[in-house]
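J.: Quick one: the structure is below, questions incoming.
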Amino acid sequence: MRISIGSDHGGFALKEHIRDYLIAQGHEVTDVGTYSGESCDYPDFGYAAAKRLALGEADRAIVICSSGVGISITANKVRGVRCALCSEPLSAEMSRRHNDANCLAMGALMIGVNMAERITDVFLSTEFEGGRHSRRVGKIADCEENETERVSER
């Protein structure tokens with residue numbers, strides 16, 4: 001699977017670990033940064049990872065900051081990205097099964113590396129159920145489209 005991954009300084013160590021973990025499993029990983037623990041801004045890296053996903057350059061994206069909140073908000077600003085902030089495997093499973101989430105956000109201060117590995121494994125291996133959930137995911141896309149139209153009308 002092609003995975004885009006990004007973090008700020010708060011998520012740097014966990015991003016490095018998850019990137020190496022994914023590569024060891026045979027995934028093709030594009031690391032959009034940050035590349036050190038030096039202070040930086042999470043929107044830069046959340047956007048970069050999500051944009052690669054939206055452009056079809058990745059099948060999934062993973063974004064990490066200290067809490068996971070700011071970087072997930074940023075990723076969700078990219079059209080077509082459905083980013084779920086997950087702190088345990090059940091949220092990762094349900095975000096895939098019911099919401100067809102294509103981007104996983106995690107908070108490095110909230111979980112350890114073992115939990116991050118478990119969440120990542122579940123997120124990448126769980127399929128979207130479709131059915132009634134397809135209608136709901138379609139409504140999410142409609143919200144994006146309608147908001148874009150409203151903004152352009154101003």
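For the structure tokens, the naming scheme is as follows: chains receive sequential letters (A, B, ...) according to their order of presentation, residues are indexed from 1 within each chain, and ligands are indexed from 1 in presentation order.
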Find the residues around range 70-79 of chain A up to 6 Å (only C-alpha atoms counted), leave out those fewer than 5 positions away in its own chain, and share them as a list in words.

T.: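 Residues near the query, excluding close chain neighbours: Tyr42, Pro43, Gly46, Tyr47, Ala50 and Ala105 of chain A.
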
J.: Could you turn the residues from that selection into a file that holds all heavy atoms, as a tab-separated table (two decimals), in the first residue's frame?

T.:
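Now in out02.tsv:
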```tsv
chain	number	residue	atom	x	y	z
A	42	TYR	N	2.39	22.15	12.71
A	42	TYR	CA	1.68	20.94	12.25
A	42	TYR	C	0.88	21.14	10.97
A	42	TYR	O	0.77	20.20	10.18
A	42	TYR	CB	0.80	20.34	13.36
A	42	TYR	CG	-0.28	21.26	13.86
A	42	TYR	CD1	-1.48	21.42	13.17
A	42	TYR	CD2	-0.11	21.98	15.04
A	42	TYR	CE1	-2.46	22.28	13.62
A	42	TYR	CE2	-1.08	22.84	15.50
A	42	TYR	CZ	-2.26	22.99	14.79
A	42	TYR	OH	-3.22	23.83	15.24
A	43	PRO	N	0.28	22.33	10.70
A	43	PRO	CA	-0.49	22.44	9.46
A	43	PRO	C	0.34	22.17	8.20
A	43	PRO	O	-0.18	21.63	7.22
A	43	PRO	CB	-1.02	23.87	9.48
A	43	PRO	CG	-1.10	24.21	10.93
A	43	PRO	CD	0.12	23.55	11.53
A	46	GLY	N	0.59	18.20	8.07
A	46	GLY	CA	-0.73	17.57	7.92
A	46	GLY	C	-1.29	17.81	6.53
A	46	GLY	O	-1.84	16.90	5.90
A	47	TYR	N	-1.12	19.04	6.05
A	47	TYR	CA	-1.60	19.37	4.70
A	47	TYR	C	-0.82	18.59	3.65
A	47	TYR	O	-1.41	18.04	2.72
A	47	TYR	CB	-1.47	20.88	4.45
A	47	TYR	CG	-1.90	21.27	3.06
A	47	TYR	CD1	-3.25	21.41	2.75
A	47	TYR	CD2	-0.97	21.45	2.05
A	47	TYR	CE1	-3.66	21.75	1.48
A	47	TYR	CE2	-1.37	21.79	0.76
A	47	TYR	CZ	-2.71	21.94	0.49
A	47	TYR	OH	-3.11	22.26	-0.79
A	50	ALA	N	-1.93	14.92	3.58
A	50	ALA	CA	-3.30	14.81	3.09
A	50	ALA	C	-3.39	15.14	1.60
A	50	ALA	O	-4.15	14.51	0.86
A	50	ALA	CB	-4.22	15.72	3.90
A	105	ALA	N	-5.07	9.92	12.09
A	105	ALA	CA	-4.33	10.86	12.94
A	105	ALA	C	-4.12	10.21	14.30
A	105	ALA	O	-5.01	9.52	14.82
A	105	ALA	CB	-5.08	12.17	13.09
```

J.: Would you mind listing what lies within 8 Å of Cys40 in chain A as a list in words, with only C-alpha atoms counted and same-chain residues fewer than 6 positions away left out?

T.: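 Here the answer would be Asp8, His9 and Thr34 of chain A.
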
J.: Output N, CA, C and O atoms of each residue in that selection to a file, as a PDB file, in the first residue's frame.

T.:
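Below you can see result-v1.pdb, which holds the result:
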```pdb
ATOM      1  N   ASP A   8       4.473  16.922  12.994  1.00  0.00           N
ATOM      2  CA  ASP A   8       5.225  18.070  13.477  1.00  0.00           C
ATOM      3  C   ASP A   8       6.286  17.556  14.451  1.00  0.00           C
ATOM      4  O   ASP A   8       6.483  16.338  14.575  1.00  0.00           O
ATOM      5  N   HIS A   9       6.946  18.472  15.142  1.00  0.00           N
ATOM      6  CA  HIS A   9       8.002  18.085  16.077  1.00  0.00           C
ATOM      7  C   HIS A   9       7.469  17.208  17.214  1.00  0.00           C
ATOM      8  O   HIS A   9       8.149  16.288  17.661  1.00  0.00           O
ATOM      9  N   THR A  34       7.936  16.310   9.328  1.00  0.00           N
ATOM     10  CA  THR A  34       9.167  17.017   9.554  1.00  0.00           C
ATOM     11  C   THR A  34      10.283  16.000   9.699  1.00  0.00           C
ATOM     12  O   THR A  34      10.037  14.810   9.913  1.00  0.00           O
TER      13      THR A  34
END
```

J.: Nearest to Glu38 in chain A: which of A:Gly138, A:Gln25, A:Gly10, A:Glu88 is it, counting only C-alpha atoms?

T.: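 Going through A:Gly138, A:Gln25, A:Gly10, A:Glu88 one by one, the smallest distance to Glu38 in chain A is for A:Gly10.
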
J.: With only C-alpha atoms as the counted atoms, please give the residues lying no more than 10 Å from range 56-60 of chain A, apart from itself and same-chain residues fewer than 3 positions off, as a list in words.

T.: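 Everything that qualifies: Met1, Arg2, Ile3, Ser4, Ile5, Glu28, Val29, Thr30, Ala49, Ala50, Lys51, Arg52, Leu53, Val81, Cys83, Ala101, Asn102, Cys103, Leu104, Phe123 and Leu124 of chain A.
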
J.: Please dump the current selection as a PDB file, in the first residue's frame; keep N, CA and C atoms.

T.:
```pdb
ATOM      1  N   MET A   1       0.841  -1.172   0.000  1.00  0.00           N
ATOM      2  CA  MET A   1       0.000   0.000   0.000  1.00  0.00           C
ATOM      3  C   MET A   1       0.893   1.245   0.000  1.00  0.00           C
ATOM      4  N   ARG A   2       0.460   2.289  -0.677  1.00  0.00           N
ATOM      5  CA  ARG A   2       1.189   3.566  -0.716  1.00  0.00           C
ATOM      6  C   ARG A   2       0.652   4.464   0.397  1.00  0.00           C
ATOM      7  N   ILE A   3       1.541   4.862   1.289  1.00  0.00           N
ATOM      8  CA  ILE A   3       1.128   5.627   2.461  1.00  0.00           C
ATOM      9  C   ILE A   3       1.952   6.903   2.556  1.00  0.00           C
ATOM     10  N   SER A   4       1.265   8.006   2.715  1.00  0.00           N
ATOM     11  CA  SER A   4       1.886   9.304   2.959  1.00  0.00           C
ATOM     12  C   SER A   4       1.861   9.534   4.473  1.00  0.00           C
ATOM     13  N   ILE A   5       2.981   9.962   5.033  1.00  0.00           N
ATOM     14  CA  ILE A   5       3.049  10.161   6.480  1.00  0.00           C
ATOM     15  C   ILE A   5       3.712  11.491   6.792  1.00  0.00           C
ATOM     16  N   GLU A  28       4.908   1.086   0.701  1.00  0.00           N
ATOM     17  CA  GLU A  28       5.639   2.189   0.072  1.00  0.00           C
ATOM     18  C   GLU A  28       5.253   3.457   0.839  1.00  0.00           C
ATOM     19  N   VAL A  29       6.218   4.044   1.532  1.00  0.00           N
ATOM     20  CA  VAL A  29       5.934   5.173   2.412  1.00  0.00           C
ATOM     21  C   VAL A  29       6.610   6.434   1.901  1.00  0.00           C
ATOM     22  N   THR A  30       5.830   7.502   1.779  1.00  0.00           N
ATOM     23  CA  THR A  30       6.360   8.819   1.451  1.00  0.00           C
ATOM     24  C   THR A  30       6.300   9.665   2.703  1.00  0.00           C
ATOM     25  N   ALA A  49       0.764  15.706   3.787  1.00  0.00           N
ATOM     26  CA  ALA A  49       0.408  14.280   3.759  1.00  0.00           C
ATOM     27  C   ALA A  49      -0.985  14.085   3.170  1.00  0.00           C
ATOM     28  N   ALA A  50      -1.930  14.924   3.585  1.00  0.00           N
ATOM     29  CA  ALA A  50      -3.300  14.808   3.088  1.00  0.00           C
ATOM     30  C   ALA A  50      -3.391  15.143   1.604  1.00  0.00           C
ATOM     31  N   LYS A  51      -2.632  16.111   1.154  1.00  0.00           N
ATOM     32  CA  LYS A  51      -2.672  16.514  -0.251  1.00  0.00           C
ATOM     33  C   LYS A  51      -2.182  15.382  -1.158  1.00  0.00           C
ATOM     34  N   ARG A  52      -1.148  14.672  -0.753  1.00  0.00           N
ATOM     35  CA  ARG A  52      -0.677  13.522  -1.539  1.00  0.00           C
ATOM     36  C   ARG A  52      -1.775  12.474  -1.669  1.00  0.00           C
ATOM     37  N   LEU A  53      -2.527  12.288  -0.589  1.00  0.00           N
ATOM     38  CA  LEU A  53      -3.649  11.356  -0.611  1.00  0.00           C
ATOM     39  C   LEU A  53      -4.717  11.845  -1.586  1.00  0.00           C
ATOM     40  N   VAL A  81     -10.450  14.116   1.780  1.00  0.00           N
ATOM     41  CA  VAL A  81      -9.761  13.453   2.899  1.00  0.00           C
ATOM     42  C   VAL A  81     -10.735  13.328   4.059  1.00  0.00           C
ATOM     43  N   CYS A  83     -10.208  12.236   7.675  1.00  0.00           N
ATOM     44  CA  CYS A  83      -9.191  11.920   8.674  1.00  0.00           C
ATOM     45  C   CYS A  83      -9.847  11.628  10.017  1.00  0.00           C
ATOM     46  N   ALA A 101     -12.721   6.213   6.336  1.00  0.00           N
ATOM     47  CA  ALA A 101     -11.622   7.136   6.621  1.00  0.00           C
ATOM     48  C   ALA A 101     -10.406   6.712   5.810  1.00  0.00           C
ATOM     49  N   ASN A 102      -9.744   7.686   5.222  1.00  0.00           N
ATOM     50  CA  ASN A 102      -8.554   7.380   4.420  1.00  0.00           C
ATOM     51  C   ASN A 102      -7.289   7.996   5.013  1.00  0.00           C
ATOM     52  N   CYS A 103      -7.446   8.674   6.127  1.00  0.00           N
ATOM     53  CA  CYS A 103      -6.319   9.294   6.811  1.00  0.00           C
ATOM     54  C   CYS A 103      -6.447   9.024   8.307  1.00  0.00           C
ATOM     55  N   LEU A 104      -5.385   8.574   8.911  1.00  0.00           N
ATOM     56  CA  LEU A 104      -5.336   8.276  10.335  1.00  0.00           C
ATOM     57  C   LEU A 104      -4.520   9.345  11.039  1.00  0.00           C
ATOM     58  N   PHE A 123      -6.228   0.051  11.150  1.00  0.00           N
ATOM     59  CA  PHE A 123      -6.646   1.046  10.172  1.00  0.00           C
ATOM     60  C   PHE A 123      -6.342   0.590   8.745  1.00  0.00           C
ATOM     61  N   LEU A 124      -5.168   0.007   8.542  1.00  0.00           N
ATOM     62  CA  LEU A 124      -4.770  -0.387   7.193  1.00  0.00           C
ATOM     63  C   LEU A 124      -5.410  -1.698   6.731  1.00  0.00           C
TER      64      LEU A 124
END
```

J.: Can you list, as an NGL selection string, all residues belonging to range 48-117 of chain A that DSSP tags as strand (DSSP E)?

T.: :A and (60-65 or 83-85 or 103-107)

J.: Could you write out the selected residues, including all heavy atoms, as an mmCIF file, in the first residue's frame?

T.:
```cif
data_model
loop_
_atom_site.group_PDB
_atom_site.id
_atom_site.type_symbol
_atom_site.label_atom_id
_atom_site.label_comp_id
_atom_site.auth_asym_id
_atom_site.auth_seq_id
_atom_site.Cartn_x
_atom_site.Cartn_y
_atom_site.Cartn_z
ATOM 1 N N ARG A 60 -3.454 5.808 1.453
ATOM 2 C CA ARG A 60 -3.838 6.238 2.792
ATOM 3 C C ARG A 60 -2.792 7.229 3.285
ATOM 4 O O ARG A 60 -1.675 7.285 2.761
ATOM 5 C CB ARG A 60 -3.897 5.071 3.786
ATOM 6 C CG ARG A 60 -4.830 3.952 3.410
ATOM 7 C CD ARG A 60 -6.231 4.132 3.966
ATOM 8 N NE ARG A 60 -7.131 3.122 3.431
ATOM 9 C CZ ARG A 60 -7.238 1.884 3.891
ATOM 10 N NH1 ARG A 60 -6.519 1.496 4.916
ATOM 11 N NH2 ARG A 60 -8.088 1.038 3.333
ATOM 12 N N ALA A 61 -3.154 7.978 4.322
ATOM 13 C CA ALA A 61 -2.217 8.908 4.953
ATOM 14 C C ALA A 61 -2.264 8.711 6.459
ATOM 15 O O ALA A 61 -3.289 8.300 7.013
ATOM 16 C CB ALA A 61 -2.555 10.354 4.596
ATOM 17 N N ILE A 62 -1.147 9.014 7.088
ATOM 18 C CA ILE A 62 -1.048 8.986 8.545
ATOM 19 C C ILE A 62 -0.399 10.297 8.973
ATOM 20 O O ILE A 62 0.650 10.677 8.434
ATOM 21 C CB ILE A 62 -0.218 7.783 9.043
ATOM 22 C CG1 ILE A 62 -0.886 6.468 8.626
ATOM 23 C CG2 ILE A 62 -0.019 7.853 10.560
ATOM 24 C CD1 ILE A 62 -0.076 5.219 8.930
ATOM 25 N N VAL A 63 -1.047 10.981 9.925
ATOM 26 C CA VAL A 63 -0.539 12.258 10.421
ATOM 27 C C VAL A 63 -0.458 12.204 11.940
ATOM 28 O O VAL A 63 -1.338 11.635 12.595
ATOM 29 C CB VAL A 63 -1.393 13.439 9.926
ATOM 30 C CG1 VAL A 63 -1.279 13.572 8.399
ATOM 31 C CG2 VAL A 63 -2.849 13.296 10.320
ATOM 32 N N ILE A 64 0.591 12.823 12.486
ATOM 33 C CA ILE A 64 0.840 12.722 13.920
ATOM 34 C C ILE A 64 1.322 14.065 14.456
ATOM 35 O O ILE A 64 2.229 14.668 13.886
ATOM 36 C CB ILE A 64 1.909 11.636 14.219
ATOM 37 C CG1 ILE A 64 1.507 10.286 13.599
ATOM 38 C CG2 ILE A 64 2.141 11.510 15.722
ATOM 39 C CD1 ILE A 64 2.617 9.242 13.589
ATOM 40 N N CYS A 65 0.700 14.505 15.546
ATOM 41 C CA CYS A 65 1.222 15.644 16.310
ATOM 42 C C CYS A 65 1.124 15.262 17.786
ATOM 43 O O CYS A 65 0.856 14.103 18.104
ATOM 44 C CB CYS A 65 0.497 16.947 15.971
ATOM 45 S SG CYS A 65 -1.233 17.066 16.477
ATOM 46 N N CYS A 83 -10.208 12.236 7.675
ATOM 47 C CA CYS A 83 -9.191 11.920 8.674
ATOM 48 C C CYS A 83 -9.847 11.628 10.017
ATOM 49 O O CYS A 83 -10.662 12.415 10.502
ATOM 50 C CB CYS A 83 -8.217 13.097 8.802
ATOM 51 S SG CYS A 83 -6.823 12.741 9.899
ATOM 52 N N ALA A 84 -9.476 10.513 10.602
ATOM 53 C CA ALA A 84 -10.000 10.101 11.900
ATOM 54 C C ALA A 84 -8.884 10.096 12.931
ATOM 55 O O ALA A 84 -7.834 9.497 12.712
ATOM 56 C CB ALA A 84 -10.617 8.704 11.797
ATOM 57 N N LEU A 85 -9.119 10.777 14.039
ATOM 58 C CA LEU A 85 -8.191 10.774 15.163
ATOM 59 C C LEU A 85 -8.512 9.559 16.020
ATOM 60 O O LEU A 85 -9.629 9.428 16.537
ATOM 61 C CB LEU A 85 -8.347 12.067 15.971
ATOM 62 C CG LEU A 85 -7.586 12.165 17.286
ATOM 63 C CD1 LEU A 85 -6.088 11.938 17.080
ATOM 64 C CD2 LEU A 85 -7.852 13.519 17.937
ATOM 65 N N CYS A 103 -7.446 8.674 6.127
ATOM 66 C CA CYS A 103 -6.319 9.294 6.811
ATOM 67 C C CYS A 103 -6.447 9.024 8.307
ATOM 68 O O CYS A 103 -7.526 9.223 8.881
ATOM 69 C CB CYS A 103 -6.309 10.796 6.526
ATOM 70 S SG CYS A 103 -4.938 11.704 7.270
ATOM 71 N N LEU A 104 -5.385 8.574 8.911
ATOM 72 C CA LEU A 104 -5.336 8.276 10.335
ATOM 73 C C LEU A 104 -4.520 9.345 11.039
ATOM 74 O O LEU A 104 -3.396 9.649 10.620
ATOM 75 C CB LEU A 104 -4.675 6.907 10.552
ATOM 76 C CG LEU A 104 -4.281 6.527 11.980
ATOM 77 C CD1 LEU A 104 -5.516 6.410 12.874
ATOM 78 C CD2 LEU A 104 -3.487 5.218 11.965
ATOM 79 N N ALA A 105 -5.069 9.924 12.093
ATOM 80 C CA ALA A 105 -4.328 10.855 12.939
ATOM 81 C C ALA A 105 -4.120 10.206 14.300
ATOM 82 O O ALA A 105 -5.007 9.519 14.817
ATOM 83 C CB ALA A 105 -5.083 12.173 13.094
ATOM 84 N N MET A 106 -2.935 10.442 14.857
ATOM 85 C CA MET A 106 -2.631 9.939 16.195
ATOM 86 C C MET A 106 -1.917 11.025 16.986
ATOM 87 O O MET A 106 -1.232 11.873 16.412
ATOM 88 C CB MET A 106 -1.762 8.682 16.120
ATOM 89 C CG MET A 106 -2.465 7.495 15.489
ATOM 90 S SD MET A 106 -1.503 5.960 15.516
ATOM 91 C CE MET A 106 -0.340 6.264 14.167
ATOM 92 N N GLY A 107 -2.086 10.975 18.304
ATOM 93 C CA GLY A 107 -1.421 11.909 19.203
ATOM 94 C C GLY A 107 -0.271 11.224 19.922
ATOM 95 O O GLY A 107 -0.487 10.275 20.679
#
```

J.: Just the number, please: distance in Å from CA of Glu127 in chain A to CA of Glu93 in chain A, one decimal.

T.: 8.5 Å

J.: Near Ile119 in chain A, within 8 Å and counting only C-alpha atoms, which residues show up once chain neighbours fewer than 2 positions away are dropped, as a PDB file with C-alpha atoms, in the first residue's frame?

T.:
```pdb
ATOM      1  CA  CYS A  86      -7.775   7.408  16.854  1.00  0.00           C
ATOM      2  CA  SER A  87      -6.336   6.534  20.261  1.00  0.00           C
ATOM      3  CA  GLU A  88      -7.280   2.863  20.284  1.00  0.00           C
ATOM      4  CA  PRO A  89      -7.934   0.127  17.711  1.00  0.00           C
ATOM      5  CA  ALA A  92      -9.565   2.885  13.845  1.00  0.00           C
ATOM      6  CA  MET A 115      -0.625   1.086  20.692  1.00  0.00           C
ATOM      7  CA  ALA A 116       0.267   3.157  17.614  1.00  0.00           C
ATOM      8  CA  GLU A 117       1.326  -0.018  15.803  1.00  0.00           C
ATOM      9  CA  ASP A 121      -2.487  -2.259  11.645  1.00  0.00           C
ATOM     10  CA  VAL A 122      -6.244  -2.141  12.205  1.00  0.00           C
ATOM     11  CA  PHE A 123      -6.646   1.046  10.172  1.00  0.00           C
TER      12      PHE A 123
END
```

J.: To one decimal in Å, tell me the separation between CA of Arg19 in chain A and CA of Ala48 in chain A.

T.: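 Here the two named atoms are 15.6 Å from each other.
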
J.: Write out as a PyMOL selection string all residues of chain A that backbone DSSP assigns to helix (DSSP H, G or I).

T.: chain A and resi 9-24+42-54+69-75+89-99+113-125+132-153

J.: Measure the distance from CA of Lys15 in chain A to CA of Arg97 in chain A in Å and round it to one decimal.

T.: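 Computed distance, CA of Lys15 in chain A to CA of Arg97 in chain A, equals 24.3 Å.
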
J.: Let me make sure I understand: among A:Asn114, A:Asn99, A:Ser66, A:Thr120, which one has the smallest atom-to-atom distance to Arg132 in chain A if we use only C-alpha atoms?

T.: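 Closest candidate: A:Asn99.
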
J.: Residues within 10 Å of Arg136 in chain A, please, as a compact mmCIF listing (two decimals) with N, CA and C atoms, in the first residue's frame. Count only C-alpha atoms; anything in the same chain fewer than 6 positions from it doesn't count.

T.:
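See selection-v3.txt below for the written result:
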```txt
# COMPACT_ATOMS: atom_id res chain seq x y z
N HIS A 98 -17.20 2.21 8.80
CA HIS A 98 -18.41 3.03 8.65
C HIS A 98 -18.18 4.36 7.96
N ASN A 99 -16.97 4.92 8.07
CA ASN A 99 -16.72 6.26 7.52
C ASN A 99 -15.78 6.27 6.33
N ASP A 100 -15.25 5.11 5.97
CA ASP A 100 -14.27 5.01 4.90
C ASP A 100 -13.16 6.04 5.08
N GLY A 130 -19.41 -0.29 3.13
CA GLY A 130 -20.31 0.13 2.06
C GLY A 130 -21.74 0.12 2.54
N ASP A 142 -20.95 15.65 -0.10
CA ASP A 142 -21.88 16.72 -0.46
C ASP A 142 -21.65 17.96 0.40
```

J.: Could you check the closest approach to Asp44 in chain A for each of A:Lys139, A:Asp31, A:Gly6, A:Glu145 and tell me which residue wins, using only C-alpha atoms?

T.: A:Gly6
